[in-house]
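Note: the block below is final_34.pdb and it holds PDB, C-alpha atoms, pLDDT in the B column.
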ATOM      1  CA  ASP A   1      53.333 -21.065  34.279  1.00 65.00           C
ATOM      2  CA  ALA A   2      52.359 -24.416  32.780  1.00 77.00           C
ATOM      3  CA  GLY A   3      49.987 -24.371  29.872  1.00 92.00           C
ATOM      4  CA  VAL A   4      47.322 -26.929  29.097  1.00 95.00           C
ATOM      5  CA  THR A   5      48.660 -30.459  29.260  1.00 96.00           C
ATOM      6  CA  GLN A   6      47.183 -33.628  27.804  1.00 97.00           C
ATOM      7  CA  SER A   7      47.989 -37.308  28.084  1.00 97.00           C
ATOM      8  CA  PRO A   8      48.747 -39.525  26.390  1.00 97.00           C
ATOM      9  CA  THR A   9      50.163 -37.925  23.243  1.00 96.00           C
ATOM     10  CA  HIS A  10      49.375 -40.920  21.038  1.00 96.00           C
ATOM     11  CA  LEU A  11      47.104 -43.899  21.449  1.00 96.00           C
ATOM     12  CA  ILE A  12      46.230 -46.901  19.321  1.00 98.00           C
ATOM     13  CA  LYS A  13      43.057 -48.870  20.063  1.00 97.00           C
ATOM     14  CA  THR A  14      40.910 -51.413  18.265  1.00 97.00           C
ATOM     15  CA  ARG A  15      37.235 -51.177  17.390  1.00 97.00           C
ATOM     16  CA  GLY A  16      34.913 -51.754  20.326  1.00 97.00           C
ATOM     17  CA  GLN A  17      37.450 -50.791  22.962  1.00 98.00           C
ATOM     18  CA  GLN A  18      37.137 -47.918  25.385  1.00 98.00           C
ATOM     19  CA  VAL A  19      39.572 -45.037  25.845  1.00 98.00           C
ATOM     20  CA  THR A  20      40.192 -42.330  28.448  1.00 98.00           C
ATOM     21  CA  LEU A  21      42.022 -39.123  27.620  1.00 98.00           C
ATOM     22  CA  ARG A  22      43.212 -36.677  30.261  1.00 98.00           C
ATOM     23  CA  CYS A  23      43.637 -32.918  30.419  1.00 98.00           C
ATOM     24  CA  SER A  24      45.023 -30.488  32.962  1.00 97.00           C
ATOM     25  CA  PRO A  25      43.977 -26.876  32.379  1.00 96.00           C
ATOM     26  CA  LYS A  26      46.174 -23.815  32.426  1.00 93.00           C
ATOM     27  CA  SER A  27      46.764 -22.450  35.914  1.00 91.00           C
ATOM     28  CA  GLY A  28      43.859 -20.241  37.009  1.00 89.00           C
ATOM     29  CA  HIS A  29      41.436 -21.700  34.451  1.00 92.00           C
ATOM     30  CA  ASP A  30      38.223 -23.384  35.549  1.00 92.00           C
ATOM     31  CA  THR A  31      36.457 -24.226  32.287  1.00 92.00           C
ATOM     32  CA  VAL A  32      37.570 -27.119  30.128  1.00 95.00           C
ATOM     33  CA  SER A  33      36.335 -27.998  26.644  1.00 95.00           C
ATOM     34  CA  TRP A  34      37.055 -30.996  24.452  1.00 97.00           C
ATOM     35  CA  TYR A  35      37.266 -31.046  20.668  1.00 97.00           C
ATOM     36  CA  GLN A  36      37.631 -33.677  17.987  1.00 97.00           C
ATOM     37  CA  GLN A  37      39.630 -32.738  14.916  1.00 96.00           C
ATOM     38  CA  ALA A  38      39.580 -35.066  11.941  1.00 94.00           C
ATOM     39  CA  LEU A  39      42.324 -34.791   9.337  1.00 89.00           C
ATOM     40  CA  GLY A  40      41.906 -31.690   7.186  1.00 87.00           C
ATOM     41  CA  GLN A  41      39.030 -30.313   9.259  1.00 90.00           C
ATOM     42  CA  GLY A  42      38.545 -27.664  11.897  1.00 91.00           C
ATOM     43  CA  PRO A  43      37.974 -28.719  15.514  1.00 94.00           C
ATOM     44  CA  GLN A  44      34.476 -29.946  16.372  1.00 94.00           C
ATOM     45  CA  PHE A  45      33.186 -29.133  19.841  1.00 94.00           C
ATOM     46  CA  ILE A  46      32.380 -32.203  21.968  1.00 96.00           C
ATOM     47  CA  PHE A  47      31.487 -30.735  25.361  1.00 95.00           C
ATOM     48  CA  GLN A  48      32.469 -28.225  28.008  1.00 93.00           C
ATOM     49  CA  TYR A  49      32.850 -28.639  31.773  1.00 94.00           C
ATOM     50  CA  TYR A  50      32.575 -26.029  34.466  1.00 91.00           C
ATOM     51  CA  GLU A  51      32.253 -26.601  38.212  1.00 90.00           C
ATOM     52  CA  GLU A  52      32.384 -30.347  37.593  1.00 93.00           C
ATOM     53  CA  GLU A  53      29.271 -30.277  35.413  1.00 94.00           C
ATOM     54  CA  GLU A  54      28.762 -30.602  31.691  1.00 93.00           C
ATOM     55  CA  ARG A  55      27.677 -27.127  30.618  1.00 90.00           C
ATOM     56  CA  GLN A  56      27.434 -27.419  26.862  1.00 89.00           C
ATOM     57  CA  ARG A  57      27.453 -30.347  24.473  1.00 93.00           C
ATOM     58  CA  GLY A  58      28.022 -30.568  20.762  1.00 92.00           C
ATOM     59  CA  ASN A  59      26.527 -33.062  18.350  1.00 92.00           C
ATOM     60  CA  PHE A  60      28.272 -36.183  19.619  1.00 96.00           C
ATOM     61  CA  PRO A  61      26.693 -39.485  20.695  1.00 97.00           C
ATOM     62  CA  ASP A  62      26.466 -40.676  24.277  1.00 96.00           C
ATOM     63  CA  ARG A  63      29.503 -42.883  23.685  1.00 97.00           C
ATOM     64  CA  PHE A  64      31.426 -39.692  24.395  1.00 98.00           C
ATOM     65  CA  SER A  65      31.340 -38.784  28.066  1.00 97.00           C
ATOM     66  CA  GLY A  66      33.458 -36.725  30.363  1.00 97.00           C
ATOM     67  CA  HIS A  67      34.249 -35.685  33.848  1.00 96.00           C
ATOM     68  CA  GLN A  68      35.776 -32.716  35.609  1.00 97.00           C
ATOM     69  CA  PHE A  69      37.538 -33.066  38.945  1.00 97.00           C
ATOM     70  CA  PRO A  70      37.657 -30.568  41.825  1.00 96.00           C
ATOM     71  CA  ASN A  71      41.130 -29.449  40.685  1.00 95.00           C
ATOM     72  CA  TYR A  72      39.559 -28.575  37.268  1.00 95.00           C
ATOM     73  CA  SER A  73      41.340 -31.348  35.397  1.00 97.00           C
ATOM     74  CA  SER A  74      39.171 -33.351  33.050  1.00 98.00           C
ATOM     75  CA  GLU A  75      38.787 -36.693  31.329  1.00 98.00           C
ATOM     76  CA  LEU A  76      37.207 -37.621  28.036  1.00 98.00           C
ATOM     77  CA  ASN A  77      35.901 -41.171  27.747  1.00 98.00           C
ATOM     78  CA  VAL A  78      34.896 -42.806  24.497  1.00 98.00           C
ATOM     79  CA  ASN A  79      33.177 -46.197  24.582  1.00 97.00           C
ATOM     80  CA  ALA A  80      32.671 -48.738  21.813  1.00 98.00           C
ATOM     81  CA  LEU A  81      35.288 -47.141  19.584  1.00 98.00           C
ATOM     82  CA  LEU A  82      34.606 -46.876  15.855  1.00 97.00           C
ATOM     83  CA  LEU A  83      37.099 -46.424  13.044  1.00 97.00           C
ATOM     84  CA  GLY A  84      35.631 -42.946  12.556  1.00 96.00           C
ATOM     85  CA  ASP A  85      36.719 -41.935  16.050  1.00 97.00           C
ATOM     86  CA  SER A  86      40.308 -41.753  14.810  1.00 97.00           C
ATOM     87  CA  ALA A  87      41.248 -38.099  15.198  1.00 97.00           C
ATOM     88  CA  LEU A  88      43.230 -35.545  17.148  1.00 97.00           C
ATOM     89  CA  TYR A  89      41.481 -34.803  20.447  1.00 98.00           C
ATOM     90  CA  LEU A  90      42.144 -31.344  21.754  1.00 97.00           C
ATOM     91  CA  CYS A  91      41.485 -29.997  25.211  1.00 97.00           C
ATOM     92  CA  ALA A  92      41.131 -26.267  25.804  1.00 95.00           C
ATOM     93  CA  SER A  93      40.766 -24.259  28.979  1.00 94.00           C
ATOM     94  CA  ARG A  94      39.673 -20.735  29.777  1.00 91.00           C
ATOM     95  CA  GLY A  95      39.007 -18.590  32.786  1.00 85.00           C
ATOM     96  CA  GLY A  96      40.596 -15.757  34.664  1.00 65.00           C
ATOM     97  CA  ALA A  97      41.021 -12.251  33.237  1.00 58.00           C
ATOM     98  CA  ARG A  98      40.603 -13.164  29.565  1.00 63.00           C
ATOM     99  CA  THR A  99      37.567 -15.320  30.097  1.00 75.00           C
ATOM    100  CA  ASP A 100      36.655 -15.736  26.451  1.00 82.00           C
ATOM    101  CA  THR A 101      39.986 -16.885  25.068  1.00 88.00           C
ATOM    102  CA  GLN A 102      40.595 -20.610  25.045  1.00 91.00           C
ATOM    103  CA  TYR A 103      44.083 -22.030  25.301  1.00 93.00           C
ATOM    104  CA  PHE A 104      44.656 -25.436  23.804  1.00 94.00           C
ATOM    105  CA  GLY A 105      46.792 -28.363  24.795  1.00 95.00           C
ATOM    106  CA  PRO A 106      49.023 -30.315  22.406  1.00 94.00           C
ATOM    107  CA  GLY A 107      46.319 -32.906  21.738  1.00 96.00           C
ATOM    108  CA  THR A 108      46.046 -36.667  21.865  1.00 97.00           C
ATOM    109  CA  ARG A 109      46.195 -38.467  18.550  1.00 97.00           C
ATOM    110  CA  LEU A 110      43.887 -41.466  18.664  1.00 98.00           C
ATOM    111  CA  THR A 111      44.066 -44.188  16.041  1.00 97.00           C
ATOM    112  CA  VAL A 112      41.348 -46.845  15.970  1.00 97.00           C
ATOM    113  CA  LEU A 113      42.208 -49.999  14.015  1.00 96.00           C
TER     114      LEU A 113
ATOM    115  CA  ALA B   1      24.813 -22.265   6.523  1.00 64.00           C
ATOM    116  CA  GLN B   2      28.439 -22.006   7.544  1.00 75.00           C
ATOM    117  CA  LYS B   3      28.969 -19.677  10.452  1.00 92.00           C
ATOM    118  CA  ILE B   4      32.670 -19.223   9.727  1.00 96.00           C
ATOM    119  CA  THR B   5      33.943 -19.261   6.163  1.00 96.00           C
ATOM    120  CA  GLN B   6      37.582 -19.401   5.210  1.00 96.00           C
ATOM    121  CA  THR B   7      37.669 -19.372   1.428  1.00 95.00           C
ATOM    122  CA  GLN B   8      41.409 -19.852   0.955  1.00 94.00           C
ATOM    123  CA  PRO B   9      42.377 -23.492   1.435  1.00 92.00           C
ATOM    124  CA  GLY B  10      46.023 -22.652   0.776  1.00 94.00           C
ATOM    125  CA  MET B  11      48.158 -19.525   0.643  1.00 95.00           C
ATOM    126  CA  PHE B  12      51.792 -18.935  -0.292  1.00 96.00           C
ATOM    127  CA  VAL B  13      53.897 -15.960   0.736  1.00 97.00           C
ATOM    128  CA  GLN B  14      57.516 -14.941   0.403  1.00 97.00           C
ATOM    129  CA  GLU B  15      59.503 -14.575   3.603  1.00 97.00           C
ATOM    130  CA  LYS B  16      59.416 -11.010   5.014  1.00 97.00           C
ATOM    131  CA  GLU B  17      56.288 -10.093   3.075  1.00 97.00           C
ATOM    132  CA  ALA B  18      52.832  -9.494   4.516  1.00 97.00           C
ATOM    133  CA  VAL B  19      49.914 -11.861   3.985  1.00 97.00           C
ATOM    134  CA  THR B  20      46.174 -11.611   4.614  1.00 98.00           C
ATOM    135  CA  LEU B  21      44.073 -14.637   5.533  1.00 98.00           C
ATOM    136  CA  ASP B  22      40.361 -14.194   4.951  1.00 98.00           C
ATOM    137  CA  CYS B  23      37.530 -14.976   7.345  1.00 98.00           C
ATOM    138  CA  THR B  24      33.857 -14.118   7.039  1.00 97.00           C
ATOM    139  CA  TYR B  25      31.279 -14.920   9.668  1.00 97.00           C
ATOM    140  CA  ASP B  26      27.548 -15.154  10.028  1.00 95.00           C
ATOM    141  CA  THR B  27      25.694 -14.303  13.219  1.00 94.00           C
ATOM    142  CA  SER B  28      22.577 -12.447  14.286  1.00 92.00           C
ATOM    143  CA  ASP B  29      23.969 -11.751  17.753  1.00 91.00           C
ATOM    144  CA  GLN B  30      25.097  -8.226  18.591  1.00 92.00           C
ATOM    145  CA  SER B  31      27.668  -9.494  21.070  1.00 91.00           C
ATOM    146  CA  TYR B  32      30.248 -11.896  19.702  1.00 93.00           C
ATOM    147  CA  GLY B  33      33.980 -12.445  19.539  1.00 93.00           C
ATOM    148  CA  LEU B  34      36.367 -13.576  16.849  1.00 95.00           C
ATOM    149  CA  PHE B  35      39.576 -15.526  17.325  1.00 95.00           C
ATOM    150  CA  TRP B  36      42.455 -16.639  15.197  1.00 97.00           C
ATOM    151  CA  TYR B  37      44.503 -19.717  16.019  1.00 97.00           C
ATOM    152  CA  LYS B  38      47.635 -21.159  14.437  1.00 97.00           C
ATOM    153  CA  GLN B  39      48.098 -24.913  14.219  1.00 96.00           C
ATOM    154  CA  PRO B  40      51.585 -26.136  13.233  1.00 95.00           C
ATOM    155  CA  SER B  41      52.083 -29.697  12.073  1.00 92.00           C
ATOM    156  CA  SER B  42      52.649 -30.712  15.707  1.00 89.00           C
ATOM    157  CA  GLY B  43      48.906 -30.266  16.284  1.00 90.00           C
ATOM    158  CA  GLU B  44      48.720 -27.742  19.108  1.00 90.00           C
ATOM    159  CA  MET B  45      46.328 -24.834  18.498  1.00 93.00           C
ATOM    160  CA  ILE B  46      48.089 -21.592  19.407  1.00 95.00           C
ATOM    161  CA  PHE B  47      45.976 -18.535  20.219  1.00 94.00           C
ATOM    162  CA  LEU B  48      47.005 -15.511  18.141  1.00 97.00           C
ATOM    163  CA  ILE B  49      44.492 -12.702  18.446  1.00 96.00           C
ATOM    164  CA  TYR B  50      40.969 -11.807  19.616  1.00 94.00           C
ATOM    165  CA  GLN B  51      38.469  -9.143  18.516  1.00 95.00           C
ATOM    166  CA  GLY B  52      35.244  -8.410  20.370  1.00 93.00           C
ATOM    167  CA  SER B  53      32.256  -7.149  18.426  1.00 93.00           C
ATOM    168  CA  TYR B  54      32.150  -3.943  20.466  1.00 93.00           C
ATOM    169  CA  ASP B  55      35.869  -3.218  20.156  1.00 91.00           C
ATOM    170  CA  GLU B  56      36.264  -0.064  18.096  1.00 88.00           C
ATOM    171  CA  GLN B  57      39.923  -0.547  17.277  1.00 93.00           C
ATOM    172  CA  ASN B  58      41.344  -3.410  15.280  1.00 94.00           C
ATOM    173  CA  ALA B  59      43.183  -5.870  17.518  1.00 94.00           C
ATOM    174  CA  THR B  60      46.949  -6.182  17.187  1.00 95.00           C
ATOM    175  CA  GLU B  61      49.398  -8.621  18.773  1.00 94.00           C
ATOM    176  CA  GLY B  62      52.971  -8.164  17.580  1.00 96.00           C
ATOM    177  CA  ARG B  63      53.144  -9.103  13.888  1.00 97.00           C
ATOM    178  CA  TYR B  64      49.473 -10.117  13.869  1.00 97.00           C
ATOM    179  CA  SER B  65      46.596  -7.739  13.297  1.00 97.00           C
ATOM    180  CA  LEU B  66      42.933  -8.349  12.728  1.00 97.00           C
ATOM    181  CA  ASN B  67      41.216  -6.327  10.018  1.00 97.00           C
ATOM    182  CA  PHE B  68      37.697  -6.169  11.466  1.00 97.00           C
ATOM    183  CA  GLN B  69      34.989  -4.934   9.111  1.00 96.00           C
ATOM    184  CA  LYS B  70      31.750  -5.332  11.023  1.00 95.00           C
ATOM    185  CA  ALA B  71      29.345  -4.279   8.273  1.00 94.00           C
ATOM    186  CA  ARG B  72      30.906  -6.782   5.887  1.00 96.00           C
ATOM    187  CA  LYS B  73      31.143  -9.438   8.636  1.00 96.00           C
ATOM    188  CA  SER B  74      34.768 -10.057   7.939  1.00 97.00           C
ATOM    189  CA  ALA B  75      37.680 -10.577  10.316  1.00 97.00           C
ATOM    190  CA  ASN B  76      40.810 -11.041   8.235  1.00 98.00           C
ATOM    191  CA  LEU B  77      44.142 -11.880   9.828  1.00 98.00           C
ATOM    192  CA  VAL B  78      47.139  -9.898   8.613  1.00 98.00           C
ATOM    193  CA  ILE B  79      50.604 -11.264   9.275  1.00 98.00           C
ATOM    194  CA  SER B  80      53.344  -8.739   8.654  1.00 96.00           C
ATOM    195  CA  ALA B  81      56.950  -9.654   7.838  1.00 95.00           C
ATOM    196  CA  SER B  82      56.263 -13.375   7.376  1.00 97.00           C
ATOM    197  CA  GLN B  83      58.754 -15.822   8.842  1.00 97.00           C
ATOM    198  CA  LEU B  84      59.429 -19.446   7.887  1.00 97.00           C
ATOM    199  CA  GLY B  85      57.985 -20.479  11.260  1.00 96.00           C
ATOM    200  CA  ASP B  86      54.633 -18.980  10.261  1.00 98.00           C
ATOM    201  CA  SER B  87      54.025 -21.957   7.967  1.00 97.00           C
ATOM    202  CA  ALA B  88      50.993 -23.679   9.524  1.00 97.00           C
ATOM    203  CA  MET B  89      47.212 -24.049   9.391  1.00 97.00           C
ATOM    204  CA  TYR B  90      45.301 -20.981  10.514  1.00 98.00           C
ATOM    205  CA  PHE B  91      41.795 -21.194  11.937  1.00 97.00           C
ATOM    206  CA  CYS B  92      39.239 -18.459  12.427  1.00 97.00           C
ATOM    207  CA  ALA B  93      36.702 -19.051  15.209  1.00 95.00           C
ATOM    208  CA  MET B  94      33.705 -17.254  16.684  1.00 94.00           C
ATOM    209  CA  ARG B  95      32.016 -16.925  20.053  1.00 91.00           C
ATOM    210  CA  GLU B  96      28.367 -15.904  19.941  1.00 88.00           C
ATOM    211  CA  GLY B  97      26.657 -14.329  22.916  1.00 80.00           C
ATOM    212  CA  PRO B  98      27.827 -12.118  25.786  1.00 78.00           C
ATOM    213  CA  SER B  99      31.445 -12.056  26.811  1.00 74.00           C
ATOM    214  CA  GLY B 100      32.308 -14.298  29.737  1.00 72.00           C
ATOM    215  CA  GLY B 101      29.307 -16.544  29.318  1.00 72.00           C
ATOM    216  CA  SER B 102      29.122 -20.155  28.320  1.00 72.00           C
ATOM    217  CA  TYR B 103      29.455 -20.581  24.586  1.00 78.00           C
ATOM    218  CA  ILE B 104      30.100 -23.175  21.907  1.00 81.00           C
ATOM    219  CA  PRO B 105      32.788 -21.848  19.589  1.00 84.00           C
ATOM    220  CA  THR B 106      32.540 -22.324  15.850  1.00 91.00           C
ATOM    221  CA  PHE B 107      35.667 -22.917  13.804  1.00 94.00           C
ATOM    222  CA  GLY B 108      36.283 -22.487  10.110  1.00 94.00           C
ATOM    223  CA  ARG B 109      37.898 -25.167   7.956  1.00 93.00           C
ATOM    224  CA  GLY B 110      41.255 -23.432   8.066  1.00 96.00           C
ATOM    225  CA  THR B 111      43.788 -21.973   5.639  1.00 97.00           C
ATOM    226  CA  SER B 112      47.158 -23.581   5.067  1.00 97.00           C
ATOM    227  CA  LEU B 113      49.925 -20.969   4.887  1.00 98.00           C
ATOM    228  CA  ILE B 114      53.319 -21.787   3.402  1.00 97.00           C
ATOM    229  CA  VAL B 115      56.121 -19.259   3.715  1.00 97.00           C
ATOM    230  CA  HIS B 116      58.830 -19.528   1.059  1.00 95.00           C
ATOM    231  CA  PRO B 117      62.436 -18.457   1.747  1.00 94.00           C
TER     232      PRO B 117
END
Let me see the structure of the file written as structure tokens.
Amino acid sequence: DAGVTQSPTHLIKTRGQQVTLRCSPKSGHDTVSWYQQALGQGPQFIFQYYEEEERQRGNFPDRFSGHQFPNYSSELNVNALLLGDSALYLCASRGGARTDTQYFGPGTRLTVL
Amino acid sequence: AQKITQTQPGMFVQEKEAVTLDCTYDTSDQSYGLFWYKQPSSGEMIFLIYQGSYDEQNATEGRYSLNFQKARKSANLVISASQLGDSAMYFCAMREGPSGGSYIPTFGRGTSLIVHP
């Protein structure tokens, strides 16, 4: 049973560019959330998708947008990258019997130069 | 105000000994859930244990147990018989609102645990 997968694992971009990160949820899960984790901090909630719609959103600007596909996989898009967007981006999924517990992917480490 | 407080930025423990990682929380909801996650240097957040606010017994998962003291709003993680592989960051997190609903989880700042041989 595959867990949550994310791609790519590492990414280097320059200021002003755009980036797309991808996530496939754990089998049987239908809800996907994205988090940003800066060095030395806990994860900060970006947004959550369920049934292809954004259900909840944290305190992040509109430069951060997302999408969920019919197969429950999801993308996180960040436009007009800033140096401060450098972080580990984590995807988490939940659903099924233990509906409250989120399972995380390995993350994508984004560096903005 | 912080919803999840982890007051220990770093902890050290000898291999095979037990260690307690502290977590206090702040919520006015009657229904909530508390989670602990482990994050090794590789970055992946690994789910360890969950406690619902209405659960009467403390949660246990193998060597992990959650010392839930509702009146004190604390949810400490106890790791018994520490192993070298337990060295990692540990995060406490909270879900507010009814189980199964949509929620925005809140994470603490984490505690770094180092296990010495």
Contact table chain A vs chain B, cut-off 7 Å, shortest pair per residue, only C-alpha atoms, as a tab-separated table:
residue	atom	partner	partner_atom	distance
A:Gln41	CA	B:Arg109	CA	5.4
A:Gly42	CA	B:Arg109	CA	4.7
A:Pro43	CA	B:Phe107	CA	6.5
A:Thr99	CA	B:Gly100	CA	5.4
A:Asp100	CA	B:Gly100	CA	5.6
A:Tyr103	CA	B:Phe47	CA	6.5
A:Phe104	CA	B:Met45	CA	5.6
A:Gly105	CA	B:Glu44	CA	6.0
A:Pro106	CA	B:Glu44	CA	4.2
A:Gly107	CA	B:Glu44	CA	6.3
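Contact shell of Val32 in chain A at 8 Å (all atoms listed in the file; same-chain neighbours under 2 positions omitted): Pro25, His29, Asp30, Trp34, Gln48, Tyr49, Tyr50, Tyr72, Ser73, Ser74, Cys91, Ala92, Ser93 and Arg94 of chain A.
Residue nearest Val19 in chain A, chosen from A:Gly66, A:Gly40, A:Gly95, A:Gly3 and counting all atoms listed in the file: A:Gly66.
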Between range 36-87 of chain B and range 4-10 of chain B, at 12 Å or less, what are the per-residue closest atom pairs and their distances in Å? Count all atoms listed in the file, order by chain and rising residue number, and return it as a tab-separated table.
residue	atom	partner	partner_atom	distance
B:Trp36	CA	B:Gln6	CA	11.5
B:Lys73	CA	B:Ile4	CA	10.0
B:Ser74	CA	B:Thr5	CA	9.4
B:Ala75	CA	B:Ile4	CA	10.0
B:Asn76	CA	B:Gln6	CA	9.5
B:Leu77	CA	B:Gln6	CA	11.0
B:Ser87	CA	B:Gly10	CA	10.8
Original post:
What residues come out when you apply the PyMOL selection byres ((chain A and resi 5) around 6) to this file, written as a ChimeraX atom specification?
Top reply: /A:4,6,23-24,105
Subject >> CA of Cys23 in chain B to CA of Val115 in chain B, distance in Å rounded to a single decimal >> reply: 19.4 Å
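The spacing separating CA of Arg15 in chain A from CA of Val112 in chain A amounts to 6.1 Å.
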**OP:** Figure out the distance between CA of Ser82 in chain B and CA of Thr20 in chain B, please, to one decimal in Å.
**Re:** 10.6 Å
Original post:
Looking at A:Asn79, A:Thr31, A:Gln37, A:Ser65, which one is nearest to Gln18 in chain A, with distances taken over only C-alpha atoms?
Top reply: A:Asn79
Original post:
Could you write out as a PyMOL selection string the residues that the PyMOL selection byres ((chain B and resi 53) around 7) matches in the shown file?
Top reply: chain B and resi 31-33+51-52+54-55
Save range 77-93 of chain B to disk from that block, N, CA, C and O atoms included, as a PDB file, in the first residue's frame.
ATOM      1  N   LEU B  77       3.874  13.252  25.244  1.00  0.00           N
ATOM      2  CA  LEU B  77       4.268  12.006  24.582  1.00  0.00           C
ATOM      3  C   LEU B  77       5.329  11.314  25.432  1.00  0.00           C
ATOM      4  O   LEU B  77       6.322  11.944  25.815  1.00  0.00           O
ATOM      5  N   VAL B  78       5.107  10.049  25.716  1.00  0.00           N
ATOM      6  CA  VAL B  78       6.094   9.249  26.440  1.00  0.00           C
ATOM      7  C   VAL B  78       6.646   8.192  25.500  1.00  0.00           C
ATOM      8  O   VAL B  78       5.882   7.427  24.894  1.00  0.00           O
ATOM      9  N   ILE B  79       7.955   8.185  25.356  1.00  0.00           N
ATOM     10  CA  ILE B  79       8.626   7.163  24.556  1.00  0.00           C
ATOM     11  C   ILE B  79       9.366   6.255  25.520  1.00  0.00           C
ATOM     12  O   ILE B  79      10.237   6.712  26.272  1.00  0.00           O
ATOM     13  N   SER B  80       9.013   4.996  25.529  1.00  0.00           N
ATOM     14  CA  SER B  80       9.682   4.056  26.426  1.00  0.00           C
ATOM     15  C   SER B  80      10.853   3.410  25.690  1.00  0.00           C
ATOM     16  O   SER B  80      10.848   3.313  24.459  1.00  0.00           O
ATOM     17  N   ALA B  81      11.846   2.981  26.429  1.00  0.00           N
ATOM     18  CA  ALA B  81      12.982   2.239  25.862  1.00  0.00           C
ATOM     19  C   ALA B  81      13.514   2.914  24.600  1.00  0.00           C
ATOM     20  O   ALA B  81      13.479   2.349  23.496  1.00  0.00           O
ATOM     21  N   SER B  82      14.014   4.139  24.761  1.00  0.00           N
ATOM     22  CA  SER B  82      14.475   4.932  23.614  1.00  0.00           C
ATOM     23  C   SER B  82      15.504   4.174  22.782  1.00  0.00           C
ATOM     24  O   SER B  82      16.340   3.427  23.320  1.00  0.00           O
ATOM     25  N   GLN B  83      15.419   4.406  21.473  1.00  0.00           N
ATOM     26  CA  GLN B  83      16.365   3.805  20.532  1.00  0.00           C
ATOM     27  C   GLN B  83      17.079   4.936  19.783  1.00  0.00           C
ATOM     28  O   GLN B  83      16.562   6.051  19.679  1.00  0.00           O
ATOM     29  N   LEU B  84      18.250   4.630  19.241  1.00  0.00           N
ATOM     30  CA  LEU B  84      19.015   5.650  18.514  1.00  0.00           C
ATOM     31  C   LEU B  84      18.185   6.237  17.371  1.00  0.00           C
ATOM     32  O   LEU B  84      18.261   7.432  17.068  1.00  0.00           O
ATOM     33  N   GLY B  85      17.354   5.402  16.758  1.00  0.00           N
ATOM     34  CA  GLY B  85      16.514   5.860  15.646  1.00  0.00           C
ATOM     35  C   GLY B  85      15.390   6.793  16.061  1.00  0.00           C
ATOM     36  O   GLY B  85      14.685   7.338  15.212  1.00  0.00           O
ATOM     37  N   ASP B  86      15.221   6.990  17.362  1.00  0.00           N
ATOM     38  CA  ASP B  86      14.199   7.932  17.842  1.00  0.00           C
ATOM     39  C   ASP B  86      14.688   9.376  17.757  1.00  0.00           C
ATOM     40  O   ASP B  86      13.899  10.307  17.959  1.00  0.00           O
ATOM     41  N   SER B  87      15.960   9.576  17.498  1.00  0.00           N
ATOM     42  CA  SER B  87      16.499  10.931  17.375  1.00  0.00           C
ATOM     43  C   SER B  87      15.822  11.637  16.202  1.00  0.00           C
ATOM     44  O   SER B  87      15.905  11.182  15.058  1.00  0.00           O
ATOM     45  N   ALA B  88      15.126  12.733  16.488  1.00  0.00           N
ATOM     46  CA  ALA B  88      14.329  13.432  15.472  1.00  0.00           C
ATOM     47  C   ALA B  88      13.665  14.634  16.112  1.00  0.00           C
ATOM     48  O   ALA B  88      13.785  14.858  17.321  1.00  0.00           O
ATOM     49  N   MET B  89      12.954  15.425  15.274  1.00  0.00           N
ATOM     50  CA  MET B  89      12.055  16.461  15.795  1.00  0.00           C
ATOM     51  C   MET B  89      10.704  15.827  16.054  1.00  0.00           C
ATOM     52  O   MET B  89      10.247  14.978  15.279  1.00  0.00           O
ATOM     53  N   TYR B  90      10.053  16.261  17.124  1.00  0.00           N
ATOM     54  CA  TYR B  90       8.733  15.751  17.463  1.00  0.00           C
ATOM     55  C   TYR B  90       7.760  16.930  17.546  1.00  0.00           C
ATOM     56  O   TYR B  90       8.027  17.911  18.238  1.00  0.00           O
ATOM     57  N   PHE B  91       6.645  16.787  16.842  1.00  0.00           N
ATOM     58  CA  PHE B  91       5.647  17.846  16.791  1.00  0.00           C
ATOM     59  C   PHE B  91       4.332  17.374  17.392  1.00  0.00           C
ATOM     60  O   PHE B  91       3.848  16.280  17.075  1.00  0.00           O
ATOM     61  N   CYS B  92       3.762  18.239  18.211  1.00  0.00           N
ATOM     62  CA  CYS B  92       2.421  18.052  18.741  1.00  0.00           C
ATOM     63  C   CYS B  92       1.477  18.884  17.881  1.00  0.00           C
ATOM     64  O   CYS B  92       1.830  19.993  17.454  1.00  0.00           O
ATOM     65  N   ALA B  93       0.300  18.354  17.585  1.00  0.00           N
ATOM     66  CA  ALA B  93      -0.656  19.073  16.736  1.00  0.00           C
ATOM     67  C   ALA B  93      -2.070  18.850  17.257  1.00  0.00           C
ATOM     68  O   ALA B  93      -2.337  17.863  17.952  1.00  0.00           O
TER      69      ALA B  93
END
